[in-house]
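Trainee: File protein_3.cif below, mmCIF, C-alpha atoms and all ligand atoms:
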```cif
data_upload
loop_
_atom_site.label_atom_id
_atom_site.label_comp_id
_atom_site.auth_asym_id
_atom_site.auth_seq_id
_atom_site.Cartn_x
_atom_site.Cartn_y
_atom_site.Cartn_z
CA MET T 2 3.39 -50.00 7.41
CA ASN T 3 1.10 -50.16 4.39
CA ILE T 4 -0.20 -52.89 2.14
CA ASN T 5 -1.82 -51.48 -0.99
CA GLY T 6 -2.12 -48.11 0.76
CA THR T 7 -3.87 -49.48 3.88
CA PRO T 8 -1.94 -49.26 7.17
CA TYR T 9 -1.42 -52.54 9.01
CA ARG T 10 0.32 -53.90 12.03
CA THR T 11 1.07 -57.62 11.94
CA ILE T 12 -1.09 -58.43 14.99
CA TRP T 13 -4.05 -56.67 16.57
CA THR T 14 -7.33 -57.33 18.39
CA ALA T 15 -10.66 -57.27 16.54
CA ALA T 16 -13.59 -55.00 17.48
CA ASP T 17 -14.73 -57.54 20.12
CA GLY T 18 -11.50 -56.84 22.01
CA ARG T 19 -10.83 -60.58 22.37
CA THR T 20 -10.26 -62.13 18.94
CA VAL T 21 -6.66 -61.68 17.82
CA GLN T 22 -6.07 -61.04 14.13
CA ILE T 23 -2.94 -61.64 12.07
CA ILE T 24 -1.79 -61.51 8.47
CA ASP T 25 -1.22 -65.08 7.23
CA GLN T 26 2.40 -64.77 6.03
CA THR T 27 2.36 -68.18 4.36
CA ARG T 28 0.04 -66.62 1.75
CA LEU T 29 2.18 -63.57 0.95
CA PRO T 30 3.07 -62.10 -1.49
CA HIS T 31 0.31 -63.61 -3.60
CA ASP T 32 -2.72 -63.24 -1.29
CA LEU T 33 -3.53 -60.96 1.63
CA VAL T 34 -5.41 -63.16 4.09
CA ILE T 35 -6.37 -62.06 7.62
CA VAL T 36 -6.75 -64.93 10.09
CA ASP T 37 -8.71 -64.88 13.39
CA LEU T 38 -7.06 -66.47 16.41
CA THR T 39 -9.76 -67.32 18.93
CA GLY T 40 -7.93 -69.60 21.36
CA LEU T 41 -4.63 -70.94 22.67
CA THR T 42 -4.48 -73.80 20.16
CA GLU T 43 -4.83 -71.44 17.20
CA ALA T 44 -2.18 -69.08 18.56
CA ALA T 45 0.25 -71.98 19.00
CA ARG T 46 -0.53 -73.28 15.51
CA ALA T 47 0.02 -69.81 14.01
CA ILE T 48 3.54 -69.78 15.48
CA LYS T 49 4.41 -73.42 14.72
CA ASP T 50 3.12 -73.38 11.12
CA MET T 51 4.67 -69.92 10.56
CA LEU T 52 1.49 -68.01 9.73
CA ILE T 53 3.41 -65.45 11.74
CA ARG T 54 7.17 -65.63 12.19
CA GLY T 55 10.17 -63.43 13.01
CA ALA T 56 11.45 -63.28 16.56
CA PRO T 57 9.73 -60.10 17.82
CA LEU T 58 6.38 -61.05 16.28
CA ILE T 59 6.65 -64.55 17.74
CA GLY T 60 7.11 -62.86 21.15
CA ALA T 61 4.06 -60.64 20.67
CA THR T 62 1.95 -63.57 19.43
CA ALA T 63 3.02 -65.60 22.45
CA ALA T 64 1.82 -62.77 24.70
CA TYR T 65 -1.54 -62.67 22.91
CA GLY T 66 -1.63 -66.49 23.06
CA MET T 67 -1.46 -66.24 26.86
CA ALA T 68 -4.33 -63.72 26.76
CA LEU T 69 -6.40 -66.00 24.51
CA ALA T 70 -5.79 -68.82 26.99
CA MET T 71 -7.11 -66.64 29.82
CA ALA T 72 -10.27 -66.01 27.76
CA GLU T 73 -10.80 -69.80 27.87
CA ASP T 74 -9.99 -70.46 31.51
CA THR T 75 -8.25 -68.28 34.11
CA SER T 76 -7.13 -71.16 36.37
CA ASP T 77 -3.52 -71.77 37.43
CA ARG T 78 -3.63 -75.05 35.56
CA HIS T 79 -4.57 -73.42 32.28
CA LEU T 80 -1.95 -70.73 32.78
CA ASP T 81 0.65 -73.51 33.02
CA THR T 82 -0.83 -75.33 30.02
CA ALA T 83 -0.73 -72.14 27.97
CA ALA T 84 2.93 -71.52 28.80
CA THR T 85 3.93 -75.13 28.05
CA THR T 86 1.95 -75.24 24.79
CA LEU T 87 3.37 -71.99 23.46
CA LEU T 88 6.95 -72.77 24.50
CA ALA T 89 6.80 -76.05 22.55
CA THR T 90 6.08 -74.34 19.21
CA ARG T 91 9.52 -73.18 18.01
CA PRO T 92 12.85 -73.50 19.83
CA THR T 93 15.20 -70.82 18.53
CA ALA T 94 13.72 -67.31 18.83
CA VAL T 95 14.22 -66.29 22.46
CA ASN T 96 11.40 -63.72 22.24
CA LEU T 97 8.95 -66.63 22.53
CA ARG T 98 10.19 -67.49 26.02
CA TRP T 99 10.42 -63.80 26.90
CA GLY T 100 6.79 -63.15 25.90
CA VAL T 101 5.43 -66.21 27.69
CA GLU T 102 7.41 -65.59 30.87
CA ARG T 103 6.51 -61.90 30.97
CA LEU T 104 2.79 -62.72 30.86
CA LYS T 105 3.08 -65.62 33.29
CA ALA T 106 5.01 -63.56 35.84
CA LEU T 107 2.35 -60.86 35.68
CA LEU T 108 -0.69 -63.16 35.78
CA ALA T 109 0.32 -65.87 38.27
CA PRO T 110 0.16 -63.66 41.42
CA LEU T 111 -3.18 -62.07 40.38
CA PRO T 112 -6.59 -63.30 41.56
CA GLU T 113 -8.24 -65.30 38.77
CA ALA T 114 -10.95 -62.66 38.30
CA GLU T 115 -8.34 -60.09 37.27
CA ARG T 116 -6.29 -62.23 34.90
CA LEU T 117 -8.27 -61.84 31.67
CA GLU T 118 -8.21 -58.03 31.49
CA ALA T 119 -4.62 -57.90 32.72
CA ALA T 120 -3.48 -60.39 30.08
CA TYR T 121 -4.94 -58.47 27.12
CA ALA T 122 -3.62 -55.16 28.48
CA GLU T 123 -0.13 -56.62 28.87
CA ALA T 124 -0.15 -58.23 25.42
CA ALA T 125 -1.09 -54.85 23.93
CA ARG T 126 1.79 -53.28 25.86
CA VAL T 127 4.20 -55.90 24.49
CA ALA T 128 3.04 -55.03 20.96
CA ASP T 129 3.28 -51.27 21.49
CA GLU T 130 6.72 -51.56 23.08
CA ASP T 131 7.93 -53.60 20.11
CA VAL T 132 6.82 -50.85 17.74
CA ALA T 133 8.62 -48.24 19.87
CA MET T 134 11.82 -50.31 20.13
CA CYS T 135 11.97 -50.97 16.39
CA ALA T 136 11.33 -47.30 15.61
CA GLY T 137 14.05 -46.38 18.12
CA LEU T 138 16.68 -48.77 16.75
CA GLY T 139 15.77 -47.49 13.29
CA GLU T 140 17.00 -44.03 14.29
CA HIS T 141 20.35 -45.45 15.43
CA GLY T 142 20.73 -47.48 12.25
CA LEU T 143 19.81 -44.44 10.18
CA LYS T 144 22.93 -42.66 11.48
CA LEU T 145 25.11 -45.52 10.19
CA ILE T 146 23.49 -45.42 6.74
CA ARG T 147 23.76 -41.63 6.61
CA ALA T 148 27.48 -41.84 7.47
CA ILE T 149 28.08 -44.31 4.63
CA HIS T 150 26.18 -42.04 2.24
CA GLN T 151 28.18 -38.98 3.30
CA ARG T 152 31.44 -40.89 2.89
CA LYS T 153 30.87 -42.45 -0.51
CA GLY T 154 28.04 -40.42 -2.12
CA GLY T 155 25.55 -42.16 -4.41
CA PRO T 156 23.12 -44.85 -3.30
CA VAL T 157 23.95 -46.94 -0.24
CA ASN T 158 23.77 -50.64 -1.18
CA ILE T 159 22.53 -52.79 1.69
CA LEU T 160 22.34 -56.58 1.61
CA THR T 161 19.80 -58.29 3.86
CA HIS T 162 18.92 -61.91 4.52
CA CYS T 163 15.58 -63.50 5.40
CA ASN T 164 12.83 -61.15 6.53
CA ALA T 165 13.70 -58.90 9.43
CA GLY T 166 11.13 -56.45 8.15
CA TRP T 167 7.93 -55.08 9.62
CA LEU T 168 6.32 -58.44 8.94
CA ALA T 169 8.78 -60.04 11.39
CA THR T 170 7.88 -57.57 14.13
CA VAL T 171 4.71 -55.69 15.07
CA ASP T 172 5.73 -52.74 12.86
CA TRP T 173 8.86 -51.13 11.33
CA GLY T 174 11.02 -54.29 11.44
CA THR T 175 14.51 -54.58 12.84
CA ALA T 176 16.89 -54.66 9.84
CA THR T 177 14.36 -52.70 7.77
CA ALA T 178 13.67 -49.95 10.31
CA PRO T 179 16.93 -48.09 9.46
CA ILE T 180 16.22 -48.73 5.77
CA TYR T 181 12.72 -47.23 5.93
CA LYS T 182 13.98 -44.30 8.00
CA ALA T 183 16.82 -43.65 5.52
CA PHE T 184 14.48 -43.89 2.54
CA ASP T 185 11.95 -41.58 4.20
CA ALA T 186 14.78 -39.11 4.97
CA GLY T 187 15.66 -38.96 1.27
CA ILE T 188 18.94 -40.89 1.47
CA PRO T 189 19.35 -42.88 -1.76
CA ILE T 190 19.42 -46.57 -0.88
CA HIS T 191 19.17 -49.86 -2.69
CA VAL T 192 18.62 -53.24 -1.03
CA TRP T 193 19.94 -56.60 -2.21
CA VAL T 194 17.27 -59.08 -1.07
CA ASP T 195 18.51 -62.64 -0.48
CA GLU T 196 16.06 -65.30 -1.57
CA THR T 197 16.45 -67.19 1.76
CA ARG T 198 15.79 -70.78 0.85
CA PRO T 199 14.11 -72.96 1.84
CA ARG T 200 11.06 -70.87 2.79
CA ASN T 201 12.02 -67.82 0.71
CA GLN T 202 11.21 -65.17 3.31
CA GLY T 203 13.48 -62.76 1.39
CA PHE T 204 11.56 -62.98 -1.86
CA ASN T 205 8.09 -63.58 -0.39
CA LEU T 206 8.19 -61.05 2.43
CA THR T 207 11.16 -58.63 2.32
CA ALA T 208 10.87 -57.86 -1.38
CA PHE T 209 7.10 -57.55 -0.95
CA GLU T 210 7.28 -55.04 1.88
CA LEU T 211 10.13 -53.01 0.37
CA GLY T 212 8.14 -52.82 -2.86
CA GLN T 213 5.03 -51.70 -0.99
CA HIS T 214 7.07 -48.87 0.58
CA GLY T 215 8.75 -47.92 -2.72
CA VAL T 216 12.28 -48.81 -1.58
CA PRO T 217 14.54 -49.70 -4.57
CA HIS T 218 15.61 -53.32 -4.27
CA THR T 219 16.86 -56.28 -6.29
CA CYS T 220 16.15 -59.96 -5.59
CA ILE T 221 19.21 -62.22 -5.63
CA VAL T 222 19.79 -65.91 -4.97
CA ASP T 223 21.38 -66.79 -1.66
CA ASN T 224 24.76 -67.50 -3.21
CA ALA T 225 25.18 -64.12 -4.97
CA GLY T 226 26.17 -62.04 -1.92
CA GLY T 227 29.88 -62.96 -1.86
CA HIS T 228 30.31 -62.13 -5.54
CA LEU T 229 28.59 -58.75 -5.11
CA MET T 230 30.80 -57.94 -2.14
CA GLN T 231 33.96 -58.81 -4.09
CA HIS T 232 32.89 -56.30 -6.74
CA GLY T 233 32.21 -53.42 -4.35
CA GLN T 234 28.45 -53.58 -4.76
CA VAL T 235 27.58 -53.97 -1.08
CA ASP T 236 28.24 -51.13 1.39
CA MET T 237 26.73 -52.81 4.40
CA VAL T 238 25.11 -56.11 5.41
CA LEU T 239 22.14 -55.56 7.73
CA VAL T 240 20.22 -58.49 9.20
CA GLY T 241 17.99 -59.32 12.16
CA THR T 242 18.42 -62.01 14.79
CA ASP T 243 16.34 -64.61 16.59
CA ARG T 244 18.63 -64.73 19.61
CA THR T 245 21.77 -62.81 20.45
CA THR T 246 23.88 -64.07 23.32
CA ALA T 247 25.26 -62.06 26.23
CA ARG T 248 28.67 -61.97 24.50
CA GLY T 249 27.23 -60.89 21.14
CA ASP T 250 27.00 -64.13 19.12
CA VAL T 251 24.13 -63.77 16.67
CA CYS T 252 21.71 -66.55 15.77
CA ASN T 253 19.70 -65.83 12.63
CA LYS T 254 18.21 -67.52 9.59
CA ILE T 255 20.35 -70.23 8.02
CA GLY T 256 22.88 -68.67 5.66
CA THR T 257 23.53 -65.56 7.72
CA TYR T 258 26.91 -66.93 8.88
CA LEU T 259 28.09 -67.32 5.28
CA LYS T 260 27.18 -63.68 4.58
CA ALA T 261 29.16 -62.61 7.65
CA LEU T 262 32.21 -64.59 6.48
CA ALA T 263 32.02 -63.03 3.02
CA ALA T 264 31.56 -59.57 4.53
CA HIS T 265 34.59 -60.08 6.78
CA ASP T 266 36.74 -61.25 3.86
CA ASN T 267 35.76 -58.19 1.83
CA GLY T 268 35.88 -55.52 4.55
CA VAL T 269 32.13 -54.92 4.32
CA PRO T 270 30.50 -53.89 7.65
CA PHE T 271 28.11 -56.54 8.99
CA TYR T 272 25.46 -55.08 11.34
CA VAL T 273 22.67 -56.81 13.24
CA ALA T 274 19.52 -54.98 14.37
CA LEU T 275 17.61 -56.18 17.42
CA PRO T 276 15.33 -55.06 20.23
CA GLY T 277 16.38 -55.79 23.84
CA PRO T 278 14.12 -58.84 24.28
CA THR T 279 16.11 -60.69 21.59
CA ILE T 280 19.15 -60.78 23.87
CA ASP T 281 19.44 -64.04 25.82
CA TRP T 282 21.43 -63.10 28.90
CA THR T 283 21.50 -66.76 30.01
CA VAL T 284 23.64 -67.86 27.03
CA ASP T 285 27.21 -66.95 26.09
CA ASP T 286 28.39 -69.37 23.41
CA GLY T 287 25.77 -69.28 20.69
CA VAL T 288 27.19 -72.17 18.63
CA ALA T 289 27.26 -74.54 21.59
CA GLU T 290 24.16 -73.44 23.45
CA ILE T 291 21.41 -72.15 21.16
CA PRO T 292 18.92 -74.84 20.07
CA ILE T 293 18.66 -74.80 16.28
CA GLU T 294 15.24 -75.60 14.88
CA GLU T 295 15.25 -78.55 12.48
CA ARG T 296 12.26 -78.15 10.19
CA ASP T 297 10.40 -80.45 7.82
CA PRO T 298 12.68 -81.67 4.97
CA ALA T 299 9.73 -81.08 2.64
CA GLU T 300 10.60 -77.36 2.81
CA VAL T 301 13.89 -78.26 1.09
CA THR T 302 12.67 -80.90 -1.33
CA HIS T 303 9.70 -78.83 -2.54
CA ILE T 304 9.06 -75.22 -3.44
CA THR T 305 5.86 -73.21 -3.68
CA GLY T 306 5.20 -70.31 -6.01
CA ALA T 307 2.54 -68.72 -8.16
CA LEU T 308 1.90 -70.07 -11.62
CA ALA T 309 2.00 -67.24 -14.20
CA GLU T 310 -1.21 -65.23 -13.70
CA GLY T 311 -2.65 -68.15 -11.77
CA PRO T 312 -2.94 -69.97 -8.45
CA THR T 313 0.01 -71.12 -6.36
CA ALA T 314 1.51 -74.55 -6.86
CA THR T 315 4.04 -76.69 -5.02
CA VAL T 316 6.58 -78.68 -7.00
CA ARG T 317 9.31 -81.17 -6.06
CA LEU T 318 12.95 -80.11 -6.66
CA THR T 319 14.96 -83.13 -5.54
CA PRO T 320 15.05 -86.79 -6.59
CA ALA T 321 12.33 -88.64 -4.68
CA MET T 322 14.90 -91.05 -3.14
CA SER T 323 17.27 -88.33 -1.83
CA PRO T 324 16.97 -87.42 1.85
CA ALA T 325 17.11 -83.75 2.88
CA ALA T 326 18.09 -81.89 6.06
CA ASN T 327 16.65 -78.54 7.10
CA PRO T 328 18.45 -76.67 9.91
CA ALA T 329 16.63 -73.34 10.04
CA PHE T 330 19.18 -71.09 11.77
CA ASP T 331 22.92 -70.64 12.20
CA VAL T 332 25.14 -68.69 14.56
CA THR T 333 27.51 -65.90 13.56
CA PRO T 334 30.28 -65.46 16.14
CA ALA T 335 30.57 -61.99 17.68
CA ARG T 336 34.01 -61.49 16.11
CA LEU T 337 32.36 -61.22 12.67
CA VAL T 338 29.77 -58.65 13.78
CA SER T 339 30.60 -54.94 13.28
CA GLY T 340 27.91 -53.76 15.68
CA LEU T 341 24.53 -54.51 17.28
CA ILE T 342 21.91 -51.85 16.52
CA THR T 343 19.50 -51.68 19.46
CA GLU T 344 16.86 -49.25 20.67
CA ARG T 345 19.44 -47.96 23.15
CA GLY T 346 22.20 -47.33 20.63
CA VAL T 347 24.78 -49.30 18.65
CA ALA T 348 26.71 -51.76 20.82
CA GLU T 349 29.98 -53.50 20.16
CA ALA T 350 29.23 -57.22 19.78
CA SER T 351 30.73 -58.21 23.12
CA ARG T 352 29.65 -58.75 26.72
CA ALA T 353 31.06 -55.33 27.67
CA GLY T 354 29.35 -53.66 24.71
CA LEU T 355 25.93 -55.07 25.53
CA ALA T 356 26.35 -54.59 29.28
CA ALA T 357 27.05 -50.89 28.74
CA LEU T 358 23.63 -50.50 27.10
CA TYR T 359 21.69 -52.93 29.33
CA PRO T 360 23.40 -52.74 32.75
CA GLU T 361 20.31 -53.91 34.65
CA ALA T 362 19.95 -57.04 32.50
CA ALA T 363 23.65 -57.83 32.27
CA HIS T 364 23.91 -57.77 36.06
CA GLY T 365 20.95 -60.06 36.55
CA GLU T 366 18.23 -57.65 37.66
CA ASP T 367 16.23 -58.27 34.50
CA LYS T 368 17.07 -61.51 32.71
CA GLY T 369 14.59 -60.81 29.95
CA GLY T 370 16.19 -57.85 28.20
CA ALA T 371 14.66 -54.47 28.64
CA ALA T 372 13.19 -51.59 26.71
C1 LIG T 401 13.24 -59.16 13.14
S1 LIG T 401 13.38 -60.73 12.77
C2 LIG T 401 14.94 -61.44 12.84
C3 LIG T 401 14.80 -62.86 12.55
O1 LIG T 401 13.71 -63.35 13.29
C4 LIG T 401 14.64 -63.17 11.06
O2 LIG T 401 15.76 -62.73 10.34
C5 LIG T 401 14.50 -64.64 10.96
O3 LIG T 401 15.46 -65.37 10.95
C6 LIG T 401 13.13 -65.15 10.96
O4 LIG T 401 13.08 -66.56 10.83
P1 LIG T 401 11.67 -67.25 10.65
O5 LIG T 401 12.02 -68.72 10.53
O6 LIG T 401 11.05 -66.70 9.40
O7 LIG T 401 10.85 -66.97 11.90
#
```
Could you spell out this file's structure in structure tokens?
Ligand SMILES: CSC[C@@H](O)[C@@H](O)C(=O)COP(=O)(O)O
Mentor:
Amino acid sequence: MNINGTPYRTIWTAADGRTVQIIDQTRLPHDLVIVDLTGLTEAARAIKDMLIRGAPLIGATAAYGMALAMAEDTSDRHLDTAATTLLATRPTAVNLRWGVERLKALLAPLPEAERLEAAYAEAARVADEDVAMCAGLGEHGLKLIRAIHQRKGGPVNILTHCNAGWLATVDWGTATAPIYKAFDAGIPIHVWVDETRPRNQGFNLTAFELGQHGVPHTCIVDNAGGHLMQHGQVDMVLVGTDRTTARGDVCNKIGTYLKALAAHDNGVPFYVALPGPTIDWTVDDGVAEIPIEERDPAEVTHITGALAEGPTATVRLTPAMSPAANPAFDVTPARLVSGLITERGVAEASRAGLAALYPEAAHGEDKGGAA
């Protein structure tokens, strides 16, 4: 996708073929800053401090993190250190584990002399596959949007939460892929963009990228969605996911569950878009089993924004003596999900629905999800 007319992916290698480059998403939408990752520690920091974020991009960065580690030292010991270091960065998005384990399984049996080249080639494959999967699921989601348009006429109003856009993946996005495809196909659409406190990925990232692509959108506070649904102003909720369980429970950014409840109460379809590697075939009950990241309370007590025509500033919102809690994700039970939009088609949110699309993974031949 483009920023100011220049095409970007979210992660790539520099001309030296070794340095990994990313867009620092903590600086968007105010500044476009490209950051060099030259080693394992920097890759891990980029994930932990959310310079990059979004489940598929975390997976791709983990794969490149393994490659950067091999550029430092191709020993078995460093391979183990790289996996442990990367896995400790963020707990919820399953793509992190998927990316690390995919690289480790490939590299461990190889002679040390072959590991460096193999690691970079595999990380590039992970990135390319992510682009293809997101583009593919976009086509399936496009059919749903087109059907709504044909049924009701006029613009299709889609509500999304957090950023499941191209910035959360390598390109295209998950929830935004059908939106971009529909817009490019000339279907009139309009997107309600949830703010997504505390880190404001909706305003900072989703609104930014939709604006860059020319997609009509309106920024709303997190609590506006239910009201809009009651008044017939939302045709579809479309979100991404950090981990979807084998039975179709969906873990996503905190607040997603409340949108699903409001959608259910108002008869609004609630769809989730995801590539295969976001399915965790080892987990069934998302509420009981998915580890929910608890982030720094300072993200709740403070907020950062740009001063009018000036630099960014961080201000305190809460009384200094009041404690804050910051669970970063929640789980929407499968019963509230209208469908899972994948690169293989739209699945019912159930074990049978997912197994029909991913038989090899559901039956244990490939525990990592598959393209
Ligand atoms: C395609 S991304 C889907 C999710 O990863 C996205 O909605 C989300 O919750 C991202 O959370 P973040 O904390 O910004 O990494």
Trainee: List all protein, DNA and RNA residues that have any atom at most 7 Å from ligand LIG 401 (chain T), counting all atoms listed in the file, and write the list as a PyMOL selection string.
Mentor: chain T and resi 51+54-57+94+162-166+169-170+174-176+202+240-243+253-254+275+329-330
Trainee: Kindly provide, as lines of an AutoDock Vina configuration file, the centre and edge lengths (Å, one decimal) of an axis-aligned box around all atoms of segment 265-274 of chain T given in the file, with 3 Å on each side.
Mentor:
```
center_x = 28.1
center_y = -57.6
center_z = 8.1
size_x = 23.2
size_y = 13.4
size_z = 18.5
```
Trainee: Ranking T:His214, T:Arg317, T:Arg78, T:Arg248 by minimum distance to Pro334 of chain T and counting all atoms listed in the file, which one comes first?
Mentor: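 Using all atoms listed in the file, the shortest distance to Pro334 of chain T belongs to T:Arg248.
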Trainee: Determine the nearest neighbour of Gly137 of chain T from the options T:Ala314, T:Pro276, T:Ala15, T:Arg10, counting all atoms listed in the file.
Mentor: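 Residue with the minimum atom-to-atom distance to Gly137 of chain T: T:Pro276.
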Trainee: If we count only C-alpha atoms, what is near Pro298 of chain T at a cut-off of 8 Å, once residues fewer than 6 positions away on the same chain are taken out, given as a list in words?
Mentor: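 Result of the neighbour search: Pro324, Ala325, Ala326 and Asn327 of chain T.
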Trainee: Rounded to one decimal place, report the atom CA of Asp195 of chain T-atom CA of Thr161 of chain T distance in Å.
Mentor: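 Atom-to-atom, atom CA of Asp195 of chain T to atom CA of Thr161 of chain T, that is 6.3 Å.
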Trainee: T:Glu123, T:Glu210, T:Asp25, T:Glu118: which is nearest Arg103 of chain T, counting all atoms listed in the file?
Mentor: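 Of T:Glu123, T:Glu210, T:Asp25, T:Glu118, the one nearest Arg103 of chain T, counting all atoms listed in the file, is T:Glu123.
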Trainee: Using only C-alpha atoms, can you tell me which of T:Thr207, T:Thr62, T:Thr219, T:Thr7 comes closest to His191 of chain T?
Mentor: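 For His191 of chain T, the nearest of the candidates is T:Thr219.
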Trainee: Show me, as a list in words, the residues that have an atom within 12 Å of Leu33 of chain T when counting all atoms listed in the file, minus same-chain residues fewer than 2 positions from it.
Mentor: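 Contacts, with the query itself left out: Ile4, Asn5, Thr7, Tyr9, Thr11, Ile23, Ile24, Asp25, Gln26, Thr27, Arg28, Leu29, Pro30, His31, Ile35, Val36, Leu52, Leu206 and Phe209 of chain T.
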Trainee: Any idea what's packed within 12 Å of Ala133 of chain T, counting only C-alpha atoms, ignoring anything in its chain fewer than 3 positions away? Could you give it as a ChimeraX atom specification?
Mentor: /T:126-130,136-140,170-175,178,276-277,343-345,372
Trainee: Would you mind reading off the distance between atom CA of Leu38 of chain T and atom CA of Ala64 of chain T, one decimal, in Å?
Mentor: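 Answer for the atom CA of Leu38 of chain T to atom CA of Ala64 of chain T separation: 12.7 Å.
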Trainee: What is the distance between atom CA of Pro360 of chain T and atom CA of Arg98 of chain T, in Å to one decimal?
Mentor: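 Computed distance, atom CA of Pro360 of chain T to atom CA of Arg98 of chain T, equals 20.9 Å.
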Trainee: Quick one: of T:Ala289, T:Val301, T:Leu259, T:Leu145, who's nearest to Arg198 of chain T, counting all atoms listed in the file?
Mentor: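 So, comparing all the options, the nearest one is T:Val301.
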Trainee: Counting only C-alpha atoms, which of T:Ala183, T:Leu229, T:Leu168, T:Val216 gets nearest to Ala148 of chain T?
Mentor: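 Of all the options, T:Ala183 lies closest to Ala148 of chain T.
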Trainee: Do a neighbour search on Ala335 of chain T at 10 Å with all atoms listed in the file, toss out local chain neighbours closer than 2 positions, and write the hits as a list in words.
Mentor: Thr245, Thr246, Arg248, Gly249, Asp250, Val251, Asp286, Gly287, Val332, Thr333, Leu337, Val338, Ser339, Gly340, Leu341, Glu349, Ala350, Ser351 and Arg352 of chain T
Trainee: Mind checking which residues fall within 8 Å of Ile342 of chain T, counting only C-alpha atoms, ignoring those fewer than 6 positions away in the same chain, and posting them as a ChimeraX atom specification?
Mentor: /T:138,141-142,272-275,348
Trainee: Taking N, CA and C atoms as the atom set, what does segment 162-175 of chain T look like once completed, written as a compact mmCIF listing (two decimals), keeping the file's coordinate frame?
Mentor:
```txt
# COMPACT_ATOMS: atom_id res chain seq x y z
N HIS T 162 19.21 -60.48 4.64
CA HIS T 162 18.92 -61.91 4.52
C HIS T 162 17.65 -62.21 5.30
N CYS T 163 16.86 -63.12 4.78
CA CYS T 163 15.58 -63.50 5.40
C CYS T 163 14.63 -62.30 5.43
N ASN T 164 13.69 -62.32 6.34
CA ASN T 164 12.83 -61.15 6.53
C ASN T 164 12.95 -60.69 7.96
N ALA T 165 13.67 -59.58 8.14
CA ALA T 165 13.70 -58.90 9.43
C ALA T 165 13.00 -57.57 9.22
N GLY T 166 11.91 -57.63 8.50
CA GLY T 166 11.13 -56.45 8.15
C GLY T 166 9.96 -56.25 9.09
N TRP T 167 9.05 -55.35 8.71
CA TRP T 167 7.93 -55.08 9.62
C TRP T 167 7.07 -56.32 9.80
N LEU T 168 7.11 -57.21 8.80
CA LEU T 168 6.32 -58.44 8.94
C LEU T 168 6.90 -59.39 9.99
N ALA T 169 8.16 -59.19 10.36
CA ALA T 169 8.78 -60.04 11.39
C ALA T 169 8.62 -59.45 12.79
N THR T 170 8.05 -58.26 12.84
CA THR T 170 7.88 -57.57 14.13
C THR T 170 6.41 -57.14 14.20
N VAL T 171 6.09 -56.20 15.07
CA VAL T 171 4.71 -55.69 15.07
C VAL T 171 4.60 -54.56 14.04
N ASP T 172 5.65 -53.76 13.91
CA ASP T 172 5.73 -52.74 12.86
C ASP T 172 7.21 -52.32 12.72
N TRP T 173 7.54 -51.67 11.64
CA TRP T 173 8.86 -51.13 11.33
C TRP T 173 9.90 -52.18 10.94
N GLY T 174 9.95 -53.32 11.67
CA GLY T 174 11.02 -54.29 11.44
C GLY T 174 12.26 -53.94 12.23
N THR T 175 13.24 -54.86 12.18
CA THR T 175 14.51 -54.58 12.84
C THR T 175 15.52 -54.14 11.76
```
